[in-house]
file entry_23.pdb (PDB, C-alpha atoms)
ATOM      1  CA  MET A 251      45.939  10.594 -39.768
ATOM      2  CA  MET A 252      47.598   9.228 -36.654
ATOM      3  CA  ARG A 253      46.998   5.572 -35.883
ATOM      4  CA  ALA A 254      46.931   3.456 -32.729
ATOM      5  CA  LYS A 255      50.443   2.198 -33.476
ATOM      6  CA  ASP A 256      51.776   5.801 -33.485
ATOM      7  CA  ILE A 257      50.612   6.557 -29.959
ATOM      8  CA  MET A 258      50.579   3.139 -28.248
ATOM      9  CA  THR A 259      52.930   2.123 -25.464
ATOM     10  CA  ARG A 260      55.048  -0.731 -26.750
ATOM     11  CA  GLU A 261      56.196  -1.981 -23.383
ATOM     12  CA  VAL A 262      53.373  -4.245 -22.187
ATOM     13  CA  VAL A 263      53.533  -6.544 -19.225
ATOM     14  CA  THR A 264      51.498  -9.734 -19.150
ATOM     15  CA  ILE A 265      50.378 -11.855 -16.237
ATOM     16  CA  SER A 266      48.782 -15.255 -15.873
ATOM     17  CA  GLY A 267      45.099 -15.448 -14.987
ATOM     18  CA  SER A 268      45.985 -17.794 -12.142
ATOM     19  CA  ALA A 269      48.406 -15.330 -10.475
ATOM     20  CA  THR A 270      47.242 -13.770  -7.210
ATOM     21  CA  ILE A 271      46.062 -10.156  -7.021
ATOM     22  CA  ALA A 272      48.980  -9.442  -4.670
ATOM     23  CA  GLU A 273      51.389 -10.522  -7.426
ATOM     24  CA  ALA A 274      49.576  -8.301  -9.934
ATOM     25  CA  VAL A 275      49.742  -5.318  -7.550
ATOM     26  CA  ASN A 276      53.479  -5.827  -6.993
ATOM     27  CA  LEU A 277      54.109  -6.027 -10.719
ATOM     28  CA  MET A 278      52.053  -2.877 -11.367
ATOM     29  CA  LYS A 279      53.811  -0.968  -8.577
ATOM     30  CA  ASP A 280      57.287  -2.081  -9.714
ATOM     31  CA  ARG A 281      56.719  -1.102 -13.320
ATOM     32  CA  GLY A 282      54.486   1.898 -12.682
ATOM     33  CA  LEU A 283      51.606   0.403 -14.714
ATOM     34  CA  ARG A 284      47.858   0.826 -14.563
ATOM     35  CA  ALA A 285      46.974  -2.411 -16.321
ATOM     36  CA  LEU A 286      48.333  -5.857 -17.150
ATOM     37  CA  ILE A 287      47.362  -8.006 -20.119
ATOM     38  CA  VAL A 288      46.343 -11.627 -19.679
ATOM     39  CA  GLU A 289      47.521 -13.492 -22.763
ATOM     40  CA  PRO A 290      45.289 -16.100 -24.432
ATOM     41  CA  ARG A 291      45.775 -19.680 -23.274
ATOM     42  CA  SER A 292      45.358 -20.995 -26.827
ATOM     43  CA  ASP A 293      44.619 -19.848 -30.381
ATOM     44  CA  ARG A 294      40.913 -19.712 -29.668
ATOM     45  CA  ASP A 295      41.191 -17.960 -26.322
ATOM     46  CA  PRO A 296      40.605 -14.191 -26.180
ATOM     47  CA  TYR A 297      42.813 -11.540 -24.563
ATOM     48  CA  GLY A 298      42.022 -10.403 -21.038
ATOM     49  CA  ILE A 299      42.978  -7.307 -19.081
ATOM     50  CA  VAL A 300      43.218  -6.463 -15.395
ATOM     51  CA  THR A 301      43.374  -2.782 -14.439
ATOM     52  CA  GLU A 302      43.918  -0.786 -11.272
ATOM     53  CA  THR A 303      40.195   0.011 -11.385
ATOM     54  CA  ASP A 304      39.351  -3.708 -11.198
ATOM     55  CA  ILE A 305      41.672  -4.121  -8.221
ATOM     56  CA  VAL A 306      40.430  -1.095  -6.279
ATOM     57  CA  TYR A 307      36.715  -1.587  -7.067
ATOM     58  CA  LYS A 308      36.578  -5.351  -6.578
ATOM     59  CA  VAL A 309      39.275  -6.135  -3.986
ATOM     60  CA  ALA A 310      40.374  -3.074  -1.971
ATOM     61  CA  ALA A 311      36.815  -1.727  -1.672
ATOM     62  CA  TYR A 312      35.673  -4.913   0.033
ATOM     63  CA  GLY A 313      38.729  -5.610   2.180
ATOM     64  CA  HIS A 314      39.296  -8.935   0.407
ATOM     65  CA  ASP A 315      42.778 -10.349   0.919
ATOM     66  CA  PRO A 316      44.720  -9.815  -2.357
ATOM     67  CA  LYS A 317      46.941 -12.751  -1.468
ATOM     68  CA  LYS A 318      43.926 -15.058  -1.555
ATOM     69  CA  MET A 319      42.218 -13.757  -4.706
ATOM     70  CA  ARG A 320      43.320 -14.472  -8.235
ATOM     71  CA  VAL A 321      43.471 -12.385 -11.371
ATOM     72  CA  PHE A 322      40.867 -14.485 -13.241
ATOM     73  CA  GLU A 323      38.260 -13.582 -10.612
ATOM     74  CA  ILE A 324      38.359  -9.868 -11.414
ATOM     75  CA  MET A 325      39.800  -9.518 -14.952
ATOM     76  CA  THR A 326      37.830  -8.428 -18.015
ATOM     77  CA  LYS A 327      37.891 -11.242 -20.556
ATOM     78  CA  PRO A 328      37.304 -11.042 -23.423
ATOM     79  CA  CYS A 329      38.506  -7.449 -23.529
ATOM     80  CA  ILE A 330      38.206  -4.978 -26.388
ATOM     81  CA  THR A 331      41.280  -5.119 -28.612
ATOM     82  CA  VAL A 332      42.283  -2.624 -31.274
ATOM     83  CA  SER A 333      44.168  -2.944 -34.521
ATOM     84  CA  PRO A 334      47.442  -1.004 -34.800
ATOM     85  CA  ASP A 335      46.025   0.685 -37.921
ATOM     86  CA  LEU A 336      42.927   2.124 -36.264
ATOM     87  CA  GLY A 337      42.887   5.941 -36.531
ATOM     88  CA  VAL A 338      43.118   7.763 -33.188
ATOM     89  CA  GLU A 339      39.817   9.577 -33.825
ATOM     90  CA  TYR A 340      38.088   6.212 -34.201
ATOM     91  CA  LEU A 341      39.966   4.911 -31.175
ATOM     92  CA  ALA A 342      38.608   7.811 -29.094
ATOM     93  CA  ARG A 343      35.092   7.125 -30.387
ATOM     94  CA  LEU A 344      35.399   3.386 -29.665
ATOM     95  CA  PHE A 345      36.604   4.109 -26.121
ATOM     96  CA  ALA A 346      33.760   6.600 -25.550
ATOM     97  CA  ASN A 347      31.088   4.253 -26.906
ATOM     98  CA  THR A 348      32.288   1.263 -24.887
ATOM     99  CA  LYS A 349      33.335   3.207 -21.759
ATOM    100  CA  THR A 350      36.809   1.785 -22.177
ATOM    101  CA  ARG A 351      40.005   3.562 -21.162
ATOM    102  CA  ARG A 352      42.667   1.098 -22.177
ATOM    103  CA  ALA A 353      42.998  -1.780 -24.654
ATOM    104  CA  PRO A 354      45.683  -4.084 -26.002
ATOM    105  CA  VAL A 355      46.841  -3.459 -29.567
ATOM    106  CA  VAL A 356      46.772  -6.789 -31.340
ATOM    107  CA  LYS A 357      47.784  -7.944 -34.823
ATOM    108  CA  ASP A 358      49.516 -11.318 -35.102
ATOM    109  CA  GLY A 359      50.339 -11.109 -31.424
ATOM    110  CA  LEU A 360      50.407  -8.429 -28.776
ATOM    111  CA  LYS A 361      51.989  -5.241 -30.150
ATOM    112  CA  GLY A 362      51.308  -2.768 -27.363
ATOM    113  CA  ILE A 363      48.704  -1.124 -25.192
ATOM    114  CA  VAL A 364      46.843   2.114 -25.860
ATOM    115  CA  SER A 365      45.001   4.269 -23.325
ATOM    116  CA  ILE A 366      43.061   7.515 -23.123
ATOM    117  CA  SER A 367      46.265   9.048 -21.713
ATOM    118  CA  ASP A 368      48.046   8.171 -24.949
ATOM    119  CA  VAL A 369      45.240   9.817 -26.922
ATOM    120  CA  MET A 370      45.498  12.882 -24.691
ATOM    121  CA  HIS A 371      49.281  13.211 -24.645
ATOM    122  CA  LYS A 372      50.494  11.865 -27.973
ATOM    123  CA  SER A 373      47.757  12.415 -30.538
ATOM    124  CA  ASP A 374      47.120  15.634 -32.441
ATOM    125  CA  PHE A 375      43.381  15.929 -31.713
ATOM    126  CA  ALA A 376      43.856  19.334 -30.064
ATOM    127  CA  GLU A 377      45.902  20.817 -32.910
ATOM    128  CA  LYS A 378      44.078  19.139 -35.780
ATOM    129  CA  PRO A 379      40.518  18.218 -34.831
ATOM    130  CA  LYS A 380      38.837  16.265 -37.604
ATOM    131  CA  THR A 381      35.131  15.899 -38.062
ATOM    132  CA  TYR A 382      33.791  12.584 -39.232
ATOM    133  CA  PHE A 383      33.068  14.072 -42.599
ATOM    134  CA  GLU A 384      36.694  15.147 -42.966
ATOM    135  CA  LEU A 385      37.860  11.695 -41.893
ATOM    136  CA  TYR A 386      35.537  10.086 -44.403
ATOM    137  CA  CYS A 387      36.845  12.293 -47.191
ATOM    138  CA  GLU A 388      40.437  11.589 -46.195
ATOM    139  CA  GLU A 389      39.834   7.847 -46.334
ATOM    140  CA  ASN A 390      37.765   7.921 -49.519
ATOM    141  CA  PRO A 391      39.442  10.504 -51.737
ATOM    142  CA  SER A 392      37.502   9.282 -54.754
ATOM    143  CA  ALA A 393      34.081   9.700 -53.116
ATOM    144  CA  LEU A 394      31.854  12.345 -54.721
ATOM    145  CA  GLU A 395      31.540  14.360 -51.514
ATOM    146  CA  ALA A 396      35.307  14.395 -51.139
ATOM    147  CA  ARG A 397      35.936  15.443 -54.726
ATOM    148  CA  MET A 398      33.678  18.445 -54.339
ATOM    149  CA  TYR A 399      36.301  19.830 -51.973
ATOM    150  CA  ASP A 400      39.053  19.512 -54.593
ATOM    151  CA  ASP A 401      37.592  22.280 -56.731
TER     152      ASP A 401
ATOM    153  CA  MET B 293      43.902   2.835   9.176
ATOM    154  CA  LEU B 294      45.461   5.047   6.530
ATOM    155  CA  THR B 295      43.303   8.023   5.593
ATOM    156  CA  ALA B 296      42.845   9.995   2.384
ATOM    157  CA  ARG B 297      45.310  12.597   3.693
ATOM    158  CA  ASP B 298      48.088   9.974   3.891
ATOM    159  CA  ILE B 299      47.893   8.886   0.269
ATOM    160  CA  MET B 300      46.519  11.932  -1.583
ATOM    161  CA  THR B 301      48.553  13.995  -4.043
ATOM    162  CA  ALA B 302      48.918  17.450  -2.512
ATOM    163  CA  ASP B 303      50.002  19.032  -5.781
ATOM    164  CA  VAL B 304      46.696  19.954  -7.470
ATOM    165  CA  VAL B 305      46.213  22.239 -10.419
ATOM    166  CA  THR B 306      43.015  24.233 -10.875
ATOM    167  CA  ILE B 307      41.479  25.771 -13.960
ATOM    168  CA  SER B 308      38.599  28.116 -14.627
ATOM    169  CA  GLY B 309      35.357  26.692 -16.000
ATOM    170  CA  SER B 310      35.445  29.295 -18.750
ATOM    171  CA  ALA B 311      38.901  28.224 -20.028
ATOM    172  CA  THR B 312      38.937  26.437 -23.372
ATOM    173  CA  VAL B 313      39.443  22.684 -23.547
ATOM    174  CA  ALA B 314      42.634  23.371 -25.538
ATOM    175  CA  GLU B 315      44.005  25.300 -22.539
ATOM    176  CA  ALA B 316      43.076  22.413 -20.233
ATOM    177  CA  VAL B 317      44.825  19.919 -22.541
ATOM    178  CA  LYS B 318      47.958  22.075 -22.639
ATOM    179  CA  LEU B 319      48.024  22.392 -18.839
ATOM    180  CA  MET B 320      47.504  18.638 -18.369
ATOM    181  CA  LYS B 321      50.244  17.798 -20.874
ATOM    182  CA  GLU B 322      52.720  20.244 -19.328
ATOM    183  CA  LYS B 323      52.152  19.055 -15.783
ATOM    184  CA  GLY B 324      51.571  15.386 -16.644
ATOM    185  CA  LEU B 325      48.119  15.360 -15.020
ATOM    186  CA  ARG B 326      44.998  13.312 -15.620
ATOM    187  CA  ALA B 327      42.573  15.773 -14.090
ATOM    188  CA  LEU B 328      42.155  19.434 -13.176
ATOM    189  CA  ILE B 329      39.953  20.843 -10.422
ATOM    190  CA  VAL B 330      37.575  23.715 -11.084
ATOM    191  CA  GLU B 331      37.291  25.785  -7.922
ATOM    192  CA  PRO B 332      33.900  27.094  -6.704
ATOM    193  CA  ARG B 333      32.949  30.565  -7.847
ATOM    194  CA  SER B 334      31.408  31.406  -4.453
ATOM    195  CA  ASP B 335      30.738  29.913  -1.005
ATOM    196  CA  ARG B 336      27.628  28.171  -2.275
ATOM    197  CA  ASP B 337      29.157  26.852  -5.453
ATOM    198  CA  PRO B 338      30.348  23.212  -5.530
ATOM    199  CA  TYR B 339      33.727  21.868  -6.622
ATOM    200  CA  SER B 340      34.014  20.319 -10.048
ATOM    201  CA  ILE B 341      36.505  18.250 -11.988
ATOM    202  CA  VAL B 342      37.555  17.784 -15.593
ATOM    203  CA  THR B 343      39.465  14.608 -16.448
ATOM    204  CA  GLU B 344      41.247  13.177 -19.457
ATOM    205  CA  THR B 345      38.291  10.807 -19.816
ATOM    206  CA  ASP B 346      35.931  13.788 -20.224
ATOM    207  CA  ILE B 347      38.207  15.275 -22.872
ATOM    208  CA  VAL B 348      38.676  12.063 -24.861
ATOM    209  CA  TYR B 349      35.066  10.854 -24.587
ATOM    210  CA  LYS B 350      33.354  14.199 -25.173
ATOM    211  CA  VAL B 351      35.746  16.153 -27.419
ATOM    212  CA  ALA B 352      38.338  13.949 -29.159
ATOM    213  CA  ALA B 353      35.774  11.204 -29.881
ATOM    214  CA  PHE B 354      33.647  13.627 -31.888
ATOM    215  CA  GLY B 355      36.408  15.547 -33.613
ATOM    216  CA  ASP B 356      35.186  18.737 -31.948
ATOM    217  CA  ASP B 357      37.659  21.609 -31.886
ATOM    218  CA  PRO B 358      39.127  21.899 -28.347
ATOM    219  CA  LYS B 359      39.917  25.546 -29.038
ATOM    220  CA  LYS B 360      36.193  26.255 -29.453
ATOM    221  CA  MET B 361      34.880  24.216 -26.524
ATOM    222  CA  ARG B 362      35.052  25.266 -22.909
ATOM    223  CA  VAL B 363      35.735  23.358 -19.734
ATOM    224  CA  PHE B 364      32.232  24.009 -18.290
ATOM    225  CA  GLU B 365      30.687  22.139 -21.220
ATOM    226  CA  ILE B 366      32.358  18.832 -20.321
ATOM    227  CA  MET B 367      33.258  19.026 -16.608
ATOM    228  CA  THR B 368      31.517  17.090 -13.818
ATOM    229  CA  LYS B 369      29.853  19.529 -11.436
ATOM    230  CA  PRO B 370      29.172  18.982  -8.630
ATOM    231  CA  CYS B 371      31.837  16.313  -8.243
ATOM    232  CA  ILE B 372      32.266  13.849  -5.391
ATOM    233  CA  THR B 373      34.623  15.242  -2.759
ATOM    234  CA  VAL B 374      36.446  13.374  -0.020
ATOM    235  CA  SER B 375      37.317  14.436   3.517
ATOM    236  CA  PRO B 376      41.029  14.074   4.387
ATOM    237  CA  ASP B 377      40.070  11.912   7.386
ATOM    238  CA  LEU B 378      38.153   9.298   5.386
ATOM    239  CA  GLY B 379      39.766   5.861   5.697
ATOM    240  CA  VAL B 380      41.368   4.512   2.531
ATOM    241  CA  GLU B 381      39.075   1.468   2.549
ATOM    242  CA  TYR B 382      36.053   3.770   2.605
ATOM    243  CA  VAL B 383      37.531   5.837  -0.237
ATOM    244  CA  ALA B 384      37.872   2.624  -2.271
ATOM    245  CA  ARG B 385      34.279   1.610  -1.449
ATOM    246  CA  LEU B 386      32.968   5.101  -2.273
ATOM    247  CA  PHE B 387      34.818   5.079  -5.597
ATOM    248  CA  ALA B 388      33.513   1.593  -6.453
ATOM    249  CA  ASN B 389      29.910   2.479  -5.553
ATOM    250  CA  THR B 390      29.930   5.737  -7.505
ATOM    251  CA  LYS B 391      32.156   4.558 -10.390
ATOM    252  CA  THR B 392      34.583   7.348  -9.555
ATOM    253  CA  ARG B 393      38.341   7.184 -10.082
ATOM    254  CA  ARG B 394      39.483  10.535  -8.790
ATOM    255  CA  ALA B 395      38.181  13.180  -6.370
ATOM    256  CA  PRO B 396      39.396  16.376  -4.729
ATOM    257  CA  VAL B 397      40.211  16.199  -1.012
ATOM    258  CA  ILE B 398      38.466  19.089   0.721
ATOM    259  CA  GLU B 399      38.407  20.384   4.269
ATOM    260  CA  GLY B 400      37.436  24.047   4.251
ATOM    261  CA  LYS B 401      39.639  24.374   1.184
ATOM    262  CA  LEU B 402      41.254  22.244  -1.490
ATOM    263  CA  LEU B 403      43.980  20.106   0.105
ATOM    264  CA  GLY B 404      44.769  17.630  -2.649
ATOM    265  CA  ILE B 405      43.450  15.048  -5.056
ATOM    266  CA  ILE B 406      43.077  11.308  -4.548
ATOM    267  CA  SER B 407      42.811   8.638  -7.236
ATOM    268  CA  ILE B 408      42.590   4.896  -7.621
ATOM    269  CA  SER B 409      46.305   4.983  -8.531
ATOM    270  CA  ASP B 410      47.072   6.460  -5.104
ATOM    271  CA  ILE B 411      45.094   3.640  -3.482
ATOM    272  CA  LEU B 412      46.913   1.013  -5.526
ATOM    273  CA  ASN B 413      50.403   2.438  -5.070
ATOM    274  CA  LYS B 414      50.406   4.042  -1.631
ATOM    275  CA  SER B 415      47.856   2.265   0.557
ATOM    276  CA  ASP B 416      48.460  -0.949   2.490
ATOM    277  CA  PHE B 417      45.438  -2.935   1.300
ATOM    278  CA  VAL B 418      47.657  -5.812   0.160
ATOM    279  CA  GLU B 419      49.590  -6.118   3.411
ATOM    280  CA  LYS B 420      46.645  -5.337   5.691
ATOM    281  CA  PRO B 421      43.263  -5.944   4.063
ATOM    282  CA  VAL B 422      40.610  -4.326   6.256
ATOM    283  CA  GLN B 423      37.044  -5.589   6.283
ATOM    284  CA  LEU B 424      34.588  -2.768   6.723
ATOM    285  CA  PHE B 425      31.558  -3.087   8.988
ATOM    286  CA  ILE B 426      33.123  -5.956  10.971
ATOM    287  CA  GLU B 427      31.458  -4.864  14.239
ATOM    288  CA  ASP B 428      28.090  -4.894  12.474
ATOM    289  CA  ARG B 429      28.824  -8.378  11.168
ATOM    290  CA  ILE B 430      29.674  -9.578  14.697
ATOM    291  CA  ASP B 431      26.333  -8.248  15.991
ATOM    292  CA  ALA B 432      24.464  -9.973  13.164
ATOM    293  CA  ALA B 433      26.311 -13.286  13.712
ATOM    294  CA  ARG B 434      25.598 -13.142  17.448
ATOM    295  CA  GLU B 435      21.865 -12.643  16.813
ATOM    296  CA  ASP B 436      21.905 -15.569  14.369
ATOM    297  CA  ALA B 437      23.655 -17.774  16.917
ATOM    298  CA  ARG B 438      21.116 -16.956  19.647
ATOM    299  CA  THR B 439      18.201 -17.725  17.327
ATOM    300  CA  ILE B 440      19.734 -21.049  16.227
ATOM    301  CA  CYS B 441      20.572 -22.130  19.782
ATOM    302  CA  ALA B 442      17.070 -21.239  20.997
ATOM    303  CA  ALA B 443      15.533 -23.361  18.236
ATOM    304  CA  LYS B 444      17.916 -26.336  18.196
ATOM    305  CA  GLY B 445      19.041 -26.455  21.821
ATOM    306  CA  ALA B 446      22.281 -25.342  23.450
ATOM    307  CA  THR B 447      24.047 -28.674  22.843
ATOM    308  CA  ALA B 448      23.212 -28.957  19.117
ATOM    309  CA  PRO B 449      26.164 -28.960  16.666
ATOM    310  CA  GLU B 450      24.447 -26.135  14.693
ATOM    311  CA  CYS B 451      24.536 -23.980  17.828
ATOM    312  CA  ALA B 452      28.285 -24.578  18.328
ATOM    313  CA  ALA B 453      28.981 -23.862  14.643
ATOM    314  CA  ALA B 454      27.076 -20.554  14.847
ATOM    315  CA  TRP B 455      29.114 -19.406  17.845
ATOM    316  CA  ASP B 456      32.316 -20.447  16.061
ATOM    317  CA  ILE B 457      31.459 -17.905  13.347
ATOM    318  CA  VAL B 458      31.038 -15.205  16.010
ATOM    319  CA  GLU B 459      34.428 -16.092  17.509
ATOM    320  CA  GLU B 460      36.153 -16.018  14.126
ATOM    321  CA  LEU B 461      34.783 -12.557  13.425
ATOM    322  CA  GLN B 462      35.823 -11.354  16.875
ATOM    323  CA  ALA B 463      39.328 -12.659  16.256
ATOM    324  CA  ALA B 464      39.450 -10.847  12.902
ATOM    325  CA  ALA B 465      38.227  -7.636  14.578
ATOM    326  CA  SER B 466      40.860  -7.793  17.307
ATOM    327  CA  HIS B 467      43.518  -8.481  14.687
ATOM    328  CA  LYS B 468      42.298  -5.388  12.828
ATOM    329  CA  ARG B 469      42.464  -3.286  16.015
ATOM    330  CA  GLN B 470      46.039  -4.463  16.619
ATOM    331  CA  ALA B 471      46.988  -3.599  13.056
ATOM    332  CA  GLU B 472      45.607  -0.092  13.502
ATOM    333  CA  ALA B 473      47.358   0.480  16.852
TER     334      ALA B 473
END
call {"tool": "encode", "arguments": {"input": "entry_23.pdb", "output": "structure tokens"}}
result
Amino acid sequence: MMRAKDIMTREVVTISGSATIAEAVNLMKDRGLRALIVEPRSDRDPYGIVTETDIVYKVAAYGHDPKKMRVFEIMTKPCITVSPDLGVEYLARLFANTKTRRAPVVKDGLKGIVSISDVMHKSDFAEKPKTYFELYCEENPSALEARMYDD
Amino acid sequence: MLTARDIMTADVVTISGSATVAEAVKLMKEKGLRALIVEPRSDRDPYSIVTETDIVYKVAAFGDDPKKMRVFEIMTKPCITVSPDLGVEYVARLFANTKTRRAPVIEGKLLGIISISDILNKSDFVEKPVQLFIEDRIDAAREDARTICAAKGATAPECAAAWDIVEELQAAASHKRQAEA
């Protein structure tokens, strides 16, 4: 089974919540990114994310001046984070259930970012579709239902 | 004002609604695309779109076999379409209101596709933010000012403050007109 860490993008760019939207846009344009991660301010603080959707829906759509608005006003915080060991089938289900398209991969620090494009382009869901029953059997080889398939 | 035509991607790839999802995935991977357009079957038929979100949310998330599912089962039809002459600010507002991220640009035929990435990367909303409906806001502010001045008297500070708002909006509007010229 492929996992989040196998398909994630390791190069992640972070920004401060107090940066202006104009700074975020420049950074995204320069690096060709669709989202930036806002790192926690302390141990107890959650991760945040600001995406191109946030910027277009909340700033461009209203003609607000990006030089006068700040990232914390439009970011999603706390955002959904995923473990690097999460299977890509579960990742797709999590994204579908939460209407999410992109999430930081976190385990003892920020490891990467994973998006629906990564699922589309790098996972093997098209070649090897797995039903939930098959996934369950793969993860629990000693389960009765799984053993029935061994015969 | 930049229009949809100025920032759209003219290179669009279409697919048939009866193609399998596996074929759509292959085409999107090969061409590096996030969406494919399904062209109308007749004059009366609407445009539709199938995106990577549709494929991940409706196929990959359930472990369904993309070779056995077809595009028409997961596509959005009819989809929102945009005229090439629509201002970029209106495209952004339309996308925000309808929770859309991508739409075909149509005028008689398919001219291109426009997405929130095009707005972010190619439009000038950072350099020249444009407030929509500014003329309507000036009219509303002027009516407010007249009402306040009639109630409080022409020399009242509230009356002067209300007209200041009208003047500020007029200045913003003339700045906008200069930017467009």
call {"tool": "interface_residues", "arguments": {"input": "entry_23.pdb", "of": "chain A", "to": "chain B", "cutoff": "9 Å", "atoms": "all atoms listed in the file", "output": "number ranges by chain"}}
result
A: 271-272, 275, 278-279, 282, 284, 302-303, 305-317, 338-347, 349, 351, 366-367, 369-371, 375-382
call {"tool": "closest_residue", "arguments": {"input": "entry_23.pdb", "among": "B:Gly400, B:Gly309, B:Pro376, B:Pro449", "to": "Glu331 (chain B)", "atoms": "all atoms listed in the file"}}
result
B:Gly309
call {"tool": "resolve_selection", "arguments": {"input": "entry_23.pdb", "expression": "the PyMOL selection byres ((chain A and resi 296) around 12)", "output": "PyMOL selection string"}}
result
chain A and resi 287-295+297-299+326-331+354+356+359-360
call {"tool": "resolve_selection", "arguments": {"input": "entry_23.pdb", "expression": "the PyMOL selection byres ((chain A and resi 336) around 10)", "output": "NGL selection string"}}
result
:A and (251-256 or 332-335 or 337-341 or 355)
call {"tool": "write_last_selection", "arguments": {"input": "entry_23.pdb", "atoms": "C-alpha atoms", "output": "tab-separated table (two decimals), keeping the file's coordinate frame"}}
result
chain	number	residue	atom	x	y	z
A	251	MET	CA	45.94	10.59	-39.77
A	252	MET	CA	47.60	9.23	-36.65
A	253	ARG	CA	47.00	5.57	-35.88
A	254	ALA	CA	46.93	3.46	-32.73
A	255	LYS	CA	50.44	2.20	-33.48
A	256	ASP	CA	51.78	5.80	-33.48
A	332	VAL	CA	42.28	-2.62	-31.27
A	333	SER	CA	44.17	-2.94	-34.52
A	334	PRO	CA	47.44	-1.00	-34.80
A	335	ASP	CA	46.02	0.68	-37.92
A	337	GLY	CA	42.89	5.94	-36.53
A	338	VAL	CA	43.12	7.76	-33.19
A	339	GLU	CA	39.82	9.58	-33.83
A	340	TYR	CA	38.09	6.21	-34.20
A	341	LEU	CA	39.97	4.91	-31.18
A	355	VAL	CA	46.84	-3.46	-29.57
call {"tool": "residues_around", "arguments": {"input": "entry_23.pdb", "residues": "Ile457 (chain B)", "least_positions_apart": "3", "cutoff": "10 Å", "atoms": "all atoms listed in the file", "output": "PyMOL selection string"}}
result
chain B and resi 430+433-434+436-437+452-454+460-463
call {"tool": "axis_aligned_box", "arguments": {"input": "entry_23.pdb", "around": "region 355-364 of chain A", "padding_each_side": "8 Å", "output": "JSON"}}
result
{"center_x": 49.4, "center_y": -4.6, "center_z": -30.1, "size_x": 21.2, "size_y": 29.4, "size_z": 25.9}
call {"tool": "residues_around", "arguments": {"input": "entry_23.pdb", "residues": "Asp298 (chain B)", "least_positions_apart": "2", "cutoff": "10 Å", "atoms": "all atoms listed in the file", "output": "number ranges by chain"}}
result
B: 293-296, 300-302, 376-377, 379-380, 406, 410, 414-415
call {"tool": "atom_distance", "arguments": {"input": "entry_23.pdb", "atom1": "CA of Pro370 (chain B)", "atom2": "CA of Ile299 (chain B)"}}
result
23.1 Å
call {"tool": "atom_distance", "arguments": {"input": "entry_23.pdb", "atom1": "CA of Ile440 (chain B)", "atom2": "CA of Asp428 (chain B)"}}
result
18.6 Å
call {"tool": "closest_residue", "arguments": {"input": "entry_23.pdb", "among": "B:Val397, B:Ala442, B:Asp303, B:Lys360", "to": "Ser375 (chain B)", "atoms": "all atoms listed in the file"}}
result
B:Val397
call {"tool": "atom_distance", "arguments": {"input": "entry_23.pdb", "atom1": "CA of Met367 (chain B)", "atom2": "CA of Thr343 (chain B)"}}
result
7.6 Å
call {"tool": "closest_residue", "arguments": {"input": "entry_23.pdb", "among": "B:Met361, B:Leu319, B:Ile372, B:Ala446", "to": "Ile405 (chain B)", "atoms": "all atoms listed in the file"}}
result
B:Ile372
call {"tool": "resolve_selection", "arguments": {"input": "entry_23.pdb", "expression": "the PyMOL selection byres ((chain A and resi 263) around 7)", "output": "list in words"}}
result
Glu261, Val262, Thr264, Ile265, Leu286 and Ile287 of chain A
call {"tool": "decode", "arguments": {"input": "entry_23.pdb", "residues": "region 357-385 of chain A", "atoms": "C-alpha atoms", "output": "mmCIF file, in the first residue's frame"}}
result
data_model
loop_
_atom_site.group_PDB
_atom_site.id
_atom_site.type_symbol
_atom_site.label_atom_id
_atom_site.label_comp_id
_atom_site.auth_asym_id
_atom_site.auth_seq_id
_atom_site.Cartn_x
_atom_site.Cartn_y
_atom_site.Cartn_z
ATOM 1 C CA LYS A 357 5.206 13.860 12.342
ATOM 2 C CA ASP A 358 7.713 15.439 14.725
ATOM 3 C CA GLY A 359 7.723 18.520 12.543
ATOM 4 C CA LEU A 360 6.628 19.412 9.050
ATOM 5 C CA LYS A 361 7.642 16.671 6.598
ATOM 6 C CA GLY A 362 5.856 17.752 3.438
ATOM 7 C CA ILE A 363 2.560 18.641 1.841
ATOM 8 C CA VAL A 364 0.148 16.314 0.062
ATOM 9 C CA SER A 365 -2.615 17.287 -2.361
ATOM 10 C CA ILE A 366 -5.275 15.697 -4.539
ATOM 11 C CA SER A 367 -2.871 16.269 -7.454
ATOM 12 C CA ASP A 368 -0.332 14.035 -5.729
ATOM 13 C CA VAL A 369 -3.005 11.365 -5.285
ATOM 14 C CA MET A 370 -3.930 11.710 -8.954
ATOM 15 C CA HIS A 371 -0.421 11.762 -10.403
ATOM 16 C CA LYS A 372 1.709 9.663 -8.074
ATOM 17 C CA SER A 373 -0.521 7.052 -6.466
ATOM 18 C CA ASP A 374 -1.520 3.737 -8.013
ATOM 19 C CA PHE A 375 -5.290 4.029 -7.462
ATOM 20 C CA ALA A 376 -5.975 3.711 -11.199
ATOM 21 C CA GLU A 377 -3.824 0.610 -11.686
ATOM 22 C CA LYS A 378 -4.594 -1.071 -8.375
ATOM 23 C CA PRO A 379 -7.946 0.045 -6.982
ATOM 24 C CA LYS A 380 -8.533 -1.405 -3.535
ATOM 25 C CA THR A 381 -11.880 -1.786 -1.882
ATOM 26 C CA TYR A 382 -12.134 -1.147 1.816
ATOM 27 C CA PHE A 383 -12.514 -4.830 2.421
ATOM 28 C CA GLU A 384 -9.250 -5.523 0.603
ATOM 29 C CA LEU A 385 -7.528 -2.773 2.576
#
